[in-house]
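Next up, target24.tsv (TSV, C-alpha atoms and all ligand atoms):
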```tsv
chain	number	residue	atom	x	y	z
A	20	MET	CA	-14.19	-2.03	0.67
A	21	PRO	CA	-15.02	0.02	3.76
A	22	SER	CA	-18.77	0.20	3.08
A	23	TYR	CA	-21.38	0.38	0.34
A	24	SER	CA	-20.78	3.22	-2.08
A	25	THR	CA	-22.20	4.38	-5.39
A	26	LEU	CA	-21.30	6.98	-7.99
A	27	GLY	CA	-22.88	8.05	-11.26
A	28	LEU	CA	-25.84	6.44	-12.97
A	29	ILE	CA	-27.08	2.91	-12.23
A	30	PRO	CA	-30.40	1.21	-13.07
A	31	PRO	CA	-32.89	0.45	-10.29
A	32	LYS	CA	-32.28	-3.32	-10.58
A	33	ARG	CA	-29.06	-5.12	-11.41
A	34	HIS	CA	-28.96	-7.25	-14.54
A	35	THR	CA	-31.79	-5.34	-16.16
A	36	GLN	CA	-31.82	-3.27	-19.33
A	37	PHE	CA	-30.01	0.03	-18.84
A	38	ARG	CA	-30.08	2.20	-21.92
A	39	LYS	CA	-28.00	5.12	-23.18
A	40	PRO	CA	-29.70	8.31	-24.41
A	41	ASP	CA	-29.35	6.97	-27.97
A	42	GLY	CA	-31.25	3.79	-27.06
A	43	GLY	CA	-28.26	1.43	-26.98
A	44	LEU	CA	-27.51	-0.72	-23.94
A	45	TYR	CA	-24.81	0.05	-21.40
A	46	HIS	CA	-22.51	-2.90	-20.73
A	47	GLU	CA	-22.74	-4.31	-17.21
A	48	GLU	CA	-19.63	-5.68	-15.47
A	49	VAL	CA	-19.53	-7.47	-12.13
A	50	PHE	CA	-16.21	-6.77	-10.40
A	51	GLY	CA	-16.03	-9.35	-7.64
A	52	THR	CA	-13.66	-11.47	-5.58
A	53	GLU	CA	-13.68	-15.13	-4.56
A	54	GLY	CA	-15.43	-16.17	-7.72
A	55	PHE	CA	-18.91	-14.75	-7.29
A	56	SER	CA	-19.00	-15.18	-3.49
A	57	GLY	CA	-16.87	-12.31	-2.18
A	58	VAL	CA	-17.24	-8.54	-2.09
A	59	TYR	CA	-18.13	-6.95	-5.42
A	60	SER	CA	-19.20	-3.89	-7.31
A	61	ILE	CA	-21.24	-3.61	-10.52
A	62	LEU	CA	-20.18	-1.14	-13.18
A	63	TYR	CA	-21.87	0.15	-16.35
A	64	HIS	CA	-19.59	0.77	-19.35
A	65	HIS	CA	-20.22	2.60	-22.61
A	66	ASN	CA	-18.29	-0.16	-24.39
A	67	PRO	CA	-17.77	-3.88	-23.72
A	68	PRO	CA	-14.56	-4.19	-21.65
A	69	THR	CA	-13.72	-7.27	-23.73
A	70	LYS	CA	-13.02	-5.48	-27.04
A	71	ILE	CA	-9.25	-5.92	-27.32
A	72	THR	CA	-7.83	-4.92	-30.70
A	73	ARG	CA	-4.29	-6.25	-30.18
A	74	MET	CA	-1.94	-7.45	-27.46
A	75	GLU	CA	1.74	-8.01	-26.80
A	76	LYS	CA	4.05	-9.04	-24.01
A	77	LEU	CA	6.00	-5.97	-22.97
A	78	ALA	CA	8.38	-7.27	-20.34
A	79	ASP	CA	9.48	-10.20	-18.27
A	80	LEU	CA	9.00	-9.42	-14.58
A	81	SER	CA	11.16	-12.19	-13.15
A	82	ILE	CA	12.73	-11.24	-9.84
A	83	ASP	CA	16.50	-10.94	-9.53
A	84	PRO	CA	17.12	-12.33	-6.03
A	85	TRP	CA	20.00	-11.39	-3.78
A	86	ASP	CA	21.56	-14.74	-2.94
A	87	LEU	CA	22.52	-13.94	0.63
A	88	SER	CA	24.98	-16.22	2.34
A	89	GLU	CA	24.23	-14.90	5.81
A	90	HIS	CA	21.13	-14.41	7.94
A	91	ARG	CA	21.24	-10.90	9.37
A	92	HIS	CA	19.41	-7.63	9.90
A	93	HIS	CA	19.40	-5.01	7.13
A	94	HIS	CA	19.27	-1.26	6.72
A	95	ILE	CA	18.29	-0.37	3.17
A	96	LYS	CA	18.79	3.34	2.55
A	97	THR	CA	16.40	4.57	-0.15
A	98	ARG	CA	16.63	8.31	0.56
A	99	ASP	CA	18.79	8.85	-2.51
A	100	LEU	CA	16.96	6.36	-4.70
A	101	GLU	CA	17.31	7.52	-8.28
A	102	GLU	CA	14.23	9.03	-9.88
A	103	GLY	CA	12.58	6.86	-12.49
A	104	LYS	CA	9.97	7.00	-15.18
A	105	ASP	CA	6.27	6.77	-14.36
A	106	PRO	CA	4.77	5.44	-11.08
A	107	ILE	CA	4.67	1.86	-12.41
A	108	GLU	CA	7.91	1.65	-14.38
A	109	SER	CA	9.94	3.36	-11.68
A	110	ARG	CA	9.05	0.82	-8.99
A	111	LYS	CA	12.07	-0.87	-7.45
A	112	LEU	CA	11.25	-4.20	-5.83
A	113	LEU	CA	13.24	-4.65	-2.62
A	114	LEU	CA	11.52	-7.36	-0.55
A	115	TYR	CA	9.20	-10.23	-1.37
A	116	ASN	CA	7.76	-13.56	-0.38
A	117	GLY	CA	4.68	-15.49	-1.47
A	118	ASP	CA	2.38	-13.11	0.42
A	119	VAL	CA	3.83	-9.67	-0.18
A	120	SER	CA	6.09	-7.59	-2.41
A	121	ILE	CA	7.46	-4.25	-1.26
A	122	SER	CA	8.77	-1.65	-3.69
A	123	VAL	CA	9.76	1.99	-3.58
A	124	CYS	CA	9.72	4.53	-6.39
A	125	ARG	CA	10.40	8.16	-7.18
A	126	PRO	CA	8.47	8.73	-10.40
A	127	LYS	CA	9.11	11.82	-12.46
A	128	GLU	CA	7.19	11.08	-15.66
A	129	PRO	CA	3.45	10.79	-16.34
A	130	MET	CA	1.75	7.50	-17.22
A	131	ASN	CA	0.74	7.58	-20.86
A	132	TYR	CA	-1.11	4.28	-20.48
A	133	PHE	CA	-3.46	2.59	-18.00
A	134	PHE	CA	-2.45	-0.15	-15.60
A	135	ARG	CA	-4.08	-3.12	-13.93
A	136	ASN	CA	-2.49	-5.48	-11.42
A	137	ALA	CA	-4.20	-8.76	-12.20
A	138	GLU	CA	-3.14	-10.69	-9.13
A	139	ALA	CA	-2.36	-8.39	-6.22
A	140	ASP	CA	-4.05	-5.66	-4.25
A	141	GLU	CA	-1.82	-2.59	-4.22
A	142	LEU	CA	-1.32	-0.34	-1.22
A	143	TYR	CA	0.57	2.83	-2.02
A	144	PHE	CA	1.98	4.99	0.72
A	145	VAL	CA	2.39	8.51	-0.62
A	146	HIS	CA	5.57	9.67	1.08
A	147	GLU	CA	6.18	12.75	-1.04
A	148	GLY	CA	4.07	14.41	-3.71
A	149	GLY	CA	0.41	14.19	-4.53
A	150	GLY	CA	-1.98	13.80	-7.39
A	151	GLU	CA	-5.04	11.92	-8.54
A	152	LEU	CA	-5.93	8.28	-9.02
A	153	HIS	CA	-8.09	8.01	-12.16
A	154	SER	CA	-9.82	4.64	-12.31
A	155	ILE	CA	-12.94	2.96	-13.62
A	156	PHE	CA	-14.47	3.95	-10.25
A	157	GLY	CA	-13.73	7.67	-10.65
A	158	VAL	CA	-11.16	10.02	-9.20
A	159	ILE	CA	-9.51	10.06	-5.77
A	160	THR	CA	-7.29	13.03	-4.96
A	161	PHE	CA	-4.32	11.88	-2.93
A	162	ASP	CA	-1.77	13.76	-0.91
A	163	LYS	CA	1.33	13.28	1.17
A	164	GLY	CA	0.71	10.73	3.94
A	165	ASP	CA	-2.10	8.91	2.17
A	166	TYR	CA	-2.41	5.19	1.99
A	167	LEU	CA	-4.02	4.49	-1.38
A	168	LEU	CA	-5.56	1.04	-1.69
A	169	VAL	CA	-6.23	-0.18	-5.23
A	170	PRO	CA	-8.01	-3.56	-5.46
A	171	ARG	CA	-6.59	-6.05	-7.92
A	172	GLY	CA	-8.24	-5.88	-11.31
A	173	THR	CA	-8.81	-2.12	-11.16
A	174	THR	CA	-7.90	-0.31	-14.37
A	175	TYR	CA	-6.28	2.97	-13.39
A	176	ARG	CA	-3.77	5.68	-14.02
A	177	LEU	CA	-1.92	7.74	-11.42
A	178	VAL	CA	-1.67	11.41	-12.36
A	179	VAL	CA	1.11	12.78	-10.18
A	180	SER	CA	0.99	16.53	-9.75
A	181	GLY	CA	3.37	17.11	-6.89
A	182	TYR	CA	7.09	16.62	-7.51
A	183	PRO	CA	9.40	15.34	-6.19
A	184	SER	CA	7.27	12.29	-5.51
A	185	ARG	CA	8.11	9.19	-3.54
A	186	PHE	CA	5.93	6.13	-2.97
A	187	MET	CA	6.29	2.88	-1.05
A	188	VAL	CA	4.14	0.17	-2.63
A	189	ILE	CA	2.91	-3.02	-0.97
A	190	GLU	CA	1.44	-5.70	-3.23
A	191	SER	CA	-0.46	-8.62	-1.78
A	192	PRO	CA	-2.06	-11.59	-3.56
A	193	GLY	CA	-4.37	-11.81	-0.54
A	194	ALA	CA	-6.97	-9.05	-0.10
A	195	ILE	CA	-5.68	-6.03	1.86
A	196	GLU	CA	-8.38	-5.15	4.37
A	197	THR	CA	-9.01	-3.27	7.59
A	198	PRO	CA	-8.22	-5.42	10.66
A	199	LYS	CA	-11.08	-7.82	11.31
A	200	ARG	CA	-10.97	-7.19	15.04
A	201	TYR	CA	-11.91	-3.56	14.40
A	202	ARG	CA	-15.04	-4.48	12.40
A	203	ASN	CA	-18.46	-5.52	13.64
A	204	GLU	CA	-20.49	-8.27	11.98
A	205	TYR	CA	-21.85	-5.71	9.49
A	206	GLY	CA	-18.38	-4.54	8.46
A	207	GLN	CA	-18.65	-1.20	10.23
A	208	LEU	CA	-15.49	-0.02	12.00
A	209	LEU	CA	-15.97	-0.30	15.77
A	210	GLU	CA	-15.72	2.57	18.20
A	211	HIS	CA	-12.25	1.54	19.41
A	212	SER	CA	-10.88	1.31	15.86
A	213	PRO	CA	-8.06	3.86	15.34
A	214	PHE	CA	-9.87	5.18	12.27
A	215	CYS	CA	-13.44	5.12	11.01
A	216	GLU	CA	-15.46	5.57	7.84
A	217	ARG	CA	-15.28	9.37	8.09
A	218	ASP	CA	-11.51	9.19	7.57
A	219	ILE	CA	-11.82	7.24	4.33
A	220	LYS	CA	-11.63	8.95	0.95
A	221	ARG	CA	-13.66	7.23	-1.76
A	222	PRO	CA	-13.84	8.01	-5.49
A	223	SER	CA	-15.66	11.32	-5.55
A	224	ARG	CA	-15.88	12.25	-9.21
A	225	LEU	CA	-16.64	10.08	-12.19
A	226	GLU	CA	-14.98	11.09	-15.44
A	227	ILE	CA	-16.63	9.43	-18.42
A	228	PHE	CA	-14.62	9.21	-21.60
A	229	THR	CA	-16.36	8.14	-24.78
A	230	GLU	CA	-13.73	8.98	-27.36
A	231	THR	CA	-12.19	6.39	-29.67
A	232	GLY	CA	-8.55	5.88	-30.61
A	233	ASP	CA	-5.78	3.54	-29.45
A	234	PHE	CA	-5.69	3.04	-25.69
A	235	GLU	CA	-3.15	0.83	-23.94
A	236	VAL	CA	-3.86	-1.05	-20.71
A	237	ARG	CA	-0.78	-2.70	-19.22
A	238	VAL	CA	-1.58	-5.74	-17.12
A	239	LYS	CA	0.77	-7.30	-14.59
A	240	ILE	CA	0.14	-11.03	-14.51
A	241	GLY	CA	2.54	-13.67	-13.23
A	242	LYS	CA	6.02	-12.88	-14.49
A	243	SER	CA	4.72	-10.92	-17.45
A	244	LEU	CA	3.75	-7.38	-18.20
A	245	MET	CA	1.21	-7.52	-21.00
A	246	ALA	CA	-0.16	-4.67	-23.09
A	247	TYR	CA	-3.76	-4.84	-24.30
A	248	HIS	CA	-5.01	-2.26	-26.76
A	249	PHE	CA	-8.56	-0.99	-27.08
A	250	SER	CA	-10.20	1.29	-29.61
A	251	HIS	CA	-12.20	2.95	-26.82
A	252	HIS	CA	-11.13	4.77	-23.68
A	253	PRO	CA	-11.06	2.29	-20.75
A	254	LEU	CA	-12.50	4.82	-18.30
A	255	ASP	CA	-15.96	4.78	-19.87
A	256	VAL	CA	-18.02	3.87	-16.79
A	257	VAL	CA	-21.20	5.91	-16.29
A	258	GLY	CA	-21.96	4.54	-12.84
A	259	TRP	CA	-21.28	1.80	-10.31
A	260	ASP	CA	-22.23	0.60	-6.87
A	261	GLY	CA	-20.91	-1.93	-4.39
A	262	TYR	CA	-18.32	-2.62	-1.75
A	263	LEU	CA	-15.17	-3.09	-3.85
A	264	TYR	CA	-13.40	0.06	-5.02
A	265	PRO	CA	-10.18	2.03	-4.39
A	266	TRP	CA	-10.00	4.17	-1.28
A	267	ALA	CA	-7.52	6.24	0.68
A	268	LEU	CA	-6.70	6.93	4.32
A	269	ASN	CA	-4.20	9.48	5.54
A	270	ILE	CA	-1.71	8.24	8.12
A	271	ALA	CA	-2.31	11.45	10.10
A	272	ASP	CA	-5.93	10.35	10.59
A	273	PHE	CA	-4.80	7.16	12.35
A	274	GLU	CA	-5.59	7.86	16.02
A	275	PRO	CA	-2.89	6.25	18.16
A	276	ILE	CA	-3.73	3.97	21.06
A	277	THR	CA	-1.55	4.80	24.05
A	278	GLY	CA	-1.26	3.55	27.61
A	279	ARG	CA	0.32	3.95	31.03
A	280	ILE	CA	3.00	1.46	30.00
A	281	HIS	CA	4.35	0.40	26.61
A	282	GLN	CA	1.77	-0.73	24.06
A	283	PRO	CA	2.86	-3.54	21.71
A	284	PRO	CA	2.98	-3.06	17.90
A	285	PRO	CA	-0.50	-4.53	17.17
A	286	VAL	CA	-2.06	-1.29	18.53
A	287	HIS	CA	-0.60	0.36	15.43
A	288	GLN	CA	-2.23	-2.11	13.02
A	289	THR	CA	-3.94	-0.43	10.08
A	290	PHE	CA	-4.37	-3.20	7.47
A	291	GLU	CA	-4.21	-6.96	7.29
A	292	ALA	CA	-3.82	-9.50	4.50
A	293	GLN	CA	-2.94	-13.15	4.18
A	294	GLY	CA	0.50	-13.55	5.76
A	295	LEU	CA	1.07	-9.95	6.80
A	296	MET	CA	-0.08	-6.93	8.72
A	297	VAL	CA	0.63	-3.25	8.05
A	298	LEU	CA	1.09	-0.89	11.00
A	299	SER	CA	1.31	2.90	11.32
A	300	PHE	CA	3.59	4.56	13.87
A	301	VAL	CA	2.34	8.11	14.29
A	302	PRO	CA	2.97	11.09	16.58
A	303	ARG	CA	1.56	10.24	20.02
A	304	LYS	CA	1.74	10.79	23.74
A	305	LEU	CA	4.16	8.37	25.34
A	306	ASP	CA	3.56	6.07	28.29
A	307	TYR	CA	2.56	7.91	31.47
A	308	HIS	CA	3.43	5.48	34.28
A	309	PRO	CA	5.96	7.45	36.41
A	310	LEU	CA	8.57	4.70	35.84
A	311	ALA	CA	7.58	3.87	32.26
A	312	VAL	CA	10.22	2.83	29.72
A	313	PRO	CA	8.66	4.12	26.49
A	314	VAL	CA	10.82	2.20	23.99
A	315	PRO	CA	10.16	-1.42	22.98
A	316	TYR	CA	11.54	-4.63	24.46
A	317	TYR	CA	14.43	-6.48	22.91
A	318	HIS	CA	12.86	-9.20	20.79
A	319	SER	CA	13.74	-11.70	18.11
A	320	ASN	CA	10.51	-11.99	16.11
A	321	ILE	CA	10.04	-15.65	16.87
A	322	ASP	CA	7.84	-16.28	13.83
A	323	SER	CA	7.94	-13.22	11.59
A	324	ASP	CA	10.21	-10.86	9.67
A	325	GLU	CA	9.68	-7.20	10.43
A	326	MET	CA	10.20	-4.42	7.94
A	327	LEU	CA	10.02	-0.76	8.97
A	328	TYR	CA	9.81	2.09	6.48
A	329	TYR	CA	10.83	5.39	8.05
A	330	VAL	CA	8.86	8.36	6.81
A	331	SER	CA	11.08	10.83	8.64
A	332	SER	CA	14.58	10.56	10.06
A	333	GLN	CA	13.37	10.33	13.66
A	334	PHE	CA	12.32	7.13	15.37
A	335	MET	CA	12.17	6.53	19.11
A	336	SER	CA	14.14	3.30	19.37
A	337	ARG	CA	16.63	3.78	16.56
A	338	LYS	CA	19.62	5.97	15.72
A	339	GLY	CA	21.21	6.53	12.33
A	340	ILE	CA	18.16	6.19	10.17
A	341	GLU	CA	17.23	8.55	7.34
A	342	LEU	CA	14.11	9.58	5.47
A	343	GLY	CA	13.20	6.56	3.34
A	344	SER	CA	15.31	4.14	5.37
A	345	ILE	CA	14.06	0.58	5.59
A	346	THR	CA	15.15	-1.76	8.34
A	347	VAL	CA	14.52	-5.48	8.06
A	348	HIS	CA	14.70	-7.35	11.33
A	349	ARG	CA	14.96	-11.08	10.87
A	350	ARG	CA	13.39	-13.83	12.88
A	351	GLY	CA	15.71	-15.66	15.24
A	352	ILE	CA	18.12	-12.82	15.98
A	353	HIS	CA	17.44	-10.03	18.41
A	354	HIS	CA	16.85	-6.36	17.83
A	355	GLY	CA	15.58	-3.56	20.01
A	356	PRO	CA	16.60	-0.17	21.37
A	357	GLN	CA	20.01	0.96	20.28
A	358	PRO	CA	22.71	2.04	22.74
A	359	GLY	CA	21.67	4.94	24.95
A	360	VAL	CA	18.12	5.02	23.64
A	361	VAL	CA	16.46	3.46	26.71
A	362	GLU	CA	18.04	6.01	29.03
A	363	SER	CA	17.31	8.96	26.74
A	364	SER	CA	13.67	7.91	26.38
A	365	LEU	CA	12.93	8.05	30.11
A	366	GLY	CA	10.60	10.89	31.01
A	367	LYS	CA	9.80	11.77	27.37
A	368	GLU	CA	6.17	12.67	26.96
A	369	SER	CA	5.63	12.45	23.22
A	370	THR	CA	7.11	11.36	19.91
A	371	ASN	CA	6.71	12.88	16.45
A	372	GLU	CA	7.69	9.78	14.51
A	373	TYR	CA	5.98	8.51	11.36
A	374	ALA	CA	6.87	5.02	10.19
A	375	ILE	CA	5.17	2.05	8.55
A	376	MET	CA	5.79	-1.53	9.56
A	377	VAL	CA	5.07	-4.62	7.53
A	378	GLU	CA	5.14	-7.75	9.62
A	379	ALA	CA	5.48	-10.77	7.35
A	380	TYR	CA	4.93	-14.27	8.68
A	381	LYS	CA	6.91	-15.97	5.91
A	382	PRO	CA	10.61	-15.04	5.51
A	383	LEU	CA	11.20	-11.96	3.38
A	384	ASN	CA	13.63	-12.32	0.48
A	385	LEU	CA	15.74	-9.44	-0.74
A	386	THR	CA	16.45	-8.48	-4.34
A	387	LYS	CA	19.66	-7.43	-6.03
A	388	ILE	CA	18.23	-3.89	-6.01
A	389	ALA	CA	17.96	-4.03	-2.19
A	390	GLN	CA	21.60	-5.15	-2.09
A	391	ARG	CA	22.63	-1.89	-3.79
A	392	TYR	CA	21.15	0.20	-0.98
A	393	ASP	CA	22.02	-2.11	1.95
A	394	ASP	CA	24.33	-0.95	4.73
A	395	PRO	CA	26.32	-4.04	5.76
A	396	SER	CA	27.43	-2.41	9.03
A	397	TYR	CA	23.87	-2.25	10.38
A	398	PRO	CA	23.92	-5.61	12.24
A	399	PHE	CA	26.69	-4.16	14.41
A	400	SER	CA	24.89	-0.90	15.19
A	401	TRP	CA	24.02	-2.08	18.70
A	402	ILE	CA	27.70	-1.81	19.72
A	403	GLU	CA	28.31	1.38	21.66
A	404	ALA	CA	30.76	3.77	19.96
A	405	GLY	CA	34.32	3.07	21.11
A	406	LYS	CA	33.40	-0.28	22.67
A	407	SER	CA	33.34	-3.83	21.35
A	501	FE	FE	10.71	-5.03	16.33
```
Let me see whether you can do it: turn the structure in this file into structure tokens.
Ligand SMILES: [Fe+2]
Amino acid sequence: MPSYSTLGLIPPKRHTQFRKPDGGLYHEEVFGTEGFSGVYSILYHHNPPTKITRMEKLADLSIDPWDLSEHRHHHIKTRDLEEGKDPIESRKLLLYNGDVSISVCRPKEPMNYFFRNAEADELYFVHEGGGELHSIFGVITFDKGDYLLVPRGTTYRLVVSGYPSRFMVIESPGAIETPKRYRNEYGQLLEHSPFCERDIKRPSRLEIFTETGDFEVRVKIGKSLMAYHFSHHPLDVVGWDGYLYPWALNIADFEPITGRIHQPPPVHQTFEAQGLMVLSFVPRKLDYHPLAVPVPYYHSNIDSDEMLYYVSSQFMSRKGIELGSITVHRRGIHHGPQPGVVESSLGKESTNEYAIMVEAYKPLNLTKIAQRYDDPSYPFSWIEAGKS
């Protein structure tokens, strides 16, 4: 919800008669959060969005936890993650707590249905591939490097056109928003924000489908995946306006904040939600104090778990990572630059790294799927080769 936006046809006043060319009424929907007190948009449908013809429970979405006996750091290697079906079915849940779920997927099949997450905002990171998000708000073209934010309750379909494709998906039951400290009292992004409204891609084209048939909308709710069937196409909106809609931001448009000495991770913050923040590490000039040490401190995350998703195989403070690697650094035990990295960083003027961090304030749990890709030797990767 970066700012007010509108697309298509809307009547001059909300909650007034808005008629189709044939004289019938359009069907008005308010799409709002926090009951009727939060941000919202108002949409105008050809058909009532309530006209379900049948429904069924498709799947149980219970999580299969990895019952870990030890508290340690992790390196989950997803580079060779097997390709799956469509962008929803191929998701592999790796990490979760009450505030966030983190999945990865490599879809290779199209979605022949529509999807709606009924209880979490979804933030895709498009690591590889591209395509279009088709939703009730219109079409957003997305590309490699895009964050794609889909508010909960949005009916949509991802049409992937670039293969191979690879996404990292963050789901949050709390609203995913731009950091509050970068917004003024009117919601506008401030001048020192690392990105601004010009960087944001909104739905730019409204496709209005009026055909009839059998259309399936799969809805993720609780531990269930439900299927609801309609006799009309769910993307039948002729116009909308408001503050709540999907949008995208490319990680390359995140302007890094740099300094004479090391800047702490919050300068990389891109999004926030209840219990977490999302940060973007992007190519940047390194610290320019003549005696600067450009890599981070050793630290033990006193009150958070820290997950890093590596977009490329290069990262300043870490050796041995691959494209798609995920490190999970646990609270209470230290991590930091690996052997030799401090010395090799001295005098470096820039870095080309791309990585995404999720800092979670509640402990992150791992799934049995994460266990399959976990490298158990990672906690010992701070030992110099040949030494103990
Ligand atoms: Fe860290």
Smallest atom-to-atom distance to ligand FE 501 (chain A): which of A:Ile240, A:Asn203, A:Lys338, A:His92, using all atoms listed in the file?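 The answer is A:His92, which sits nearest to ligand FE 501 (chain A).
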Wanna dump the chain A-ligand FE 501 (chain A) contacts at 10 Å for me, each residue with its shortest atom pair and the distance in Å to one decimal, counting all atoms listed in the file, ordered by chain and number, as CSV?
```
residue,atom,partner,partner_atom,distance
A:Pro283,CA,A:FE501,FE,9.6
A:Pro284,CA,A:FE501,FE,8.1
A:Pro315,CA,A:FE501,FE,7.6
A:Tyr316,CA,A:FE501,FE,8.2
A:Tyr317,CA,A:FE501,FE,7.7
A:His318,CA,A:FE501,FE,6.5
A:Ser319,CA,A:FE501,FE,7.5
A:Asn320,CA,A:FE501,FE,7.0
A:Ser323,CA,A:FE501,FE,9.9
A:Asp324,CA,A:FE501,FE,8.9
A:Glu325,CA,A:FE501,FE,6.4
A:Met326,CA,A:FE501,FE,8.4
A:Leu327,CA,A:FE501,FE,8.5
A:Ser336,CA,A:FE501,FE,9.5
A:Thr346,CA,A:FE501,FE,9.7
A:Val347,CA,A:FE501,FE,9.1
A:His348,CA,A:FE501,FE,6.8
A:Arg349,CA,A:FE501,FE,9.2
A:Arg350,CA,A:FE501,FE,9.8
A:His353,CA,A:FE501,FE,8.6
A:His354,CA,A:FE501,FE,6.5
A:Gly355,CA,A:FE501,FE,6.3
A:Pro356,CA,A:FE501,FE,9.1
A:Met376,CA,A:FE501,FE,9.1
A:Glu378,CA,A:FE501,FE,9.1
```
What would the file look like if the residues just selected were written as an mmCIF file, in the frame of the given file with C-alpha atoms?
```cif
data_model
loop_
_atom_site.group_PDB
_atom_site.id
_atom_site.type_symbol
_atom_site.label_atom_id
_atom_site.label_comp_id
_atom_site.auth_asym_id
_atom_site.auth_seq_id
_atom_site.Cartn_x
_atom_site.Cartn_y
_atom_site.Cartn_z
ATOM 1 C CA PRO A 283 2.860 -3.540 21.710
ATOM 2 C CA PRO A 284 2.980 -3.060 17.900
ATOM 3 C CA PRO A 315 10.160 -1.420 22.980
ATOM 4 C CA TYR A 316 11.540 -4.630 24.460
ATOM 5 C CA TYR A 317 14.430 -6.480 22.910
ATOM 6 C CA HIS A 318 12.860 -9.200 20.790
ATOM 7 C CA SER A 319 13.740 -11.700 18.110
ATOM 8 C CA ASN A 320 10.510 -11.990 16.110
ATOM 9 C CA SER A 323 7.940 -13.220 11.590
ATOM 10 C CA ASP A 324 10.210 -10.860 9.670
ATOM 11 C CA GLU A 325 9.680 -7.200 10.430
ATOM 12 C CA MET A 326 10.200 -4.420 7.940
ATOM 13 C CA LEU A 327 10.020 -0.760 8.970
ATOM 14 C CA SER A 336 14.140 3.300 19.370
ATOM 15 C CA THR A 346 15.150 -1.760 8.340
ATOM 16 C CA VAL A 347 14.520 -5.480 8.060
ATOM 17 C CA HIS A 348 14.700 -7.350 11.330
ATOM 18 C CA ARG A 349 14.960 -11.080 10.870
ATOM 19 C CA ARG A 350 13.390 -13.830 12.880
ATOM 20 C CA HIS A 353 17.440 -10.030 18.410
ATOM 21 C CA HIS A 354 16.850 -6.360 17.830
ATOM 22 C CA GLY A 355 15.580 -3.560 20.010
ATOM 23 C CA PRO A 356 16.600 -0.170 21.370
ATOM 24 C CA MET A 376 5.790 -1.530 9.560
ATOM 25 C CA GLU A 378 5.140 -7.750 9.620
#
```
Between A:Ile388, A:Tyr380, A:Ile95, A:His248, which residue has the minimum interatomic distance to A:Lys111, considering all atoms listed in the file? A:Ile388
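Residues surrounding A:Gly157 within 10 Å are Leu26, Gly27, Glu151, Leu152, His153, Tyr175, Arg221, Pro222, Ser223, Arg224, Leu225, Glu226, Ile227, Leu254, Asp255, Val256, Val257, Gly258, Trp259, Tyr264 and Pro265 of chain A [all atoms listed in the file; sequence separation below 4 positions excluded].
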Give me the residues within 9 Å of stretch 361-367 of chain A as a ChimeraX atom specification, counting only C-alpha atoms and dropping any in the same chain fewer than 6 places off. /A:304-307,309-315,335-336
In Å, with one decimal, what is the gap from atom CA of A:Asp394 to atom CA of A:Gly359?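 Atom-to-atom, atom CA of A:Asp394 and atom CA of A:Gly359 are spaced 21.2 Å apart.
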Of the candidates A:Gly54, A:Gln288, A:Leu244, A:Val330, which one gets nearest to A:Glu147 if we count all atoms listed in the file?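 Counting all atoms listed in the file, the residue closest to A:Glu147 is A:Val330.
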Could you tell me which of A:Glu291, A:Ala271, A:Thr229, A:Gly103 comes closest to A:Glu196 if we count only C-alpha atoms? A:Glu291
Would you give the centre and edge lengths, in Å to one decimal, of a box along x, y and z around the listed atoms of stretch 340-351 of chain A, with 5 Å added to each side, as AutoDock Vina command-line options?
```
--center_x 15.7 --center_y -3.0 --center_z 9.3 --size_x 15.0 --size_y 35.2 --size_z 21.9
```
Go through A:Tyr247, A:Phe273, A:Phe156, A:Tyr397 one by one, measure the shortest atom-to-atom distance of each to A:Lys70 using all atoms listed in the file, and give the residue with the smallest value. A:Tyr247
Sphere at (-20.5, -0.5, -2.9), radius 7 Å, counting all atoms listed in the file: residues as a list of chain:residue names: A:Ser22, A:Tyr23, A:Ser24, A:Thr25, A:Ser60, A:Asp260, A:Gly261, A:Tyr262, A:Leu263
For a cutoff of 9 Å around the file-coordinate point (-4.6, 7.3, 14.0), which residues qualify once you count all atoms listed in the file? I'd like the result as a list in words.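 Returned residue set, sorted by chain then number, is Ser212, Pro213, Phe214, Asn269, Ile270, Ala271, Asp272, Phe273, Glu274, Pro275, Ile276, His287, Thr289, Ser299, Phe300, Val301 and Pro302 of chain A.
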Considering all atoms listed in the file, can you say which of A:Ser250, A:Ser331, A:Ser344, A:Ser369 comes closest to A:Arg303? A:Ser369
Leaving out A:Ser332 and any residue of its chain fewer than 5 positions from it, which residues lie within 9 Å of it when counting only C-alpha atoms, given as a PyMOL selection string? chain A and resi 338-344+372-373
Just to confirm, what's the straight-line distance from atom CA of A:Arg176 to atom CA of A:Asn131 in Å (one decimal)?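 Computing the Euclidean distance for atom CA of A:Arg176 and atom CA of A:Asn131 yields 8.4 Å.
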If we count only C-alpha atoms, what is near A:Asp118 at a cut-off of 9 Å, once residues fewer than 6 positions away on the same chain are taken out, given as JSON, numbers by chain? {"A": [190, 191, 192, 193, 292, 293, 294, 295, 379, 380, 381]}
Take the residues that were just selected and, keeping C-alpha atoms, output them as a PDB file, keeping the file's coordinate frame.
```
ATOM      1  CA  GLU A 190       1.440  -5.700  -3.230  1.00  0.00           C
ATOM      2  CA  SER A 191      -0.460  -8.620  -1.780  1.00  0.00           C
ATOM      3  CA  PRO A 192      -2.060 -11.590  -3.560  1.00  0.00           C
ATOM      4  CA  GLY A 193      -4.370 -11.810  -0.540  1.00  0.00           C
ATOM      5  CA  ALA A 292      -3.820  -9.500   4.500  1.00  0.00           C
ATOM      6  CA  GLN A 293      -2.940 -13.150   4.180  1.00  0.00           C
ATOM      7  CA  GLY A 294       0.500 -13.550   5.760  1.00  0.00           C
ATOM      8  CA  LEU A 295       1.070  -9.950   6.800  1.00  0.00           C
ATOM      9  CA  ALA A 379       5.480 -10.770   7.350  1.00  0.00           C
ATOM     10  CA  TYR A 380       4.930 -14.270   8.680  1.00  0.00           C
ATOM     11  CA  LYS A 381       6.910 -15.970   5.910  1.00  0.00           C
TER      12      LYS A 381
END
```
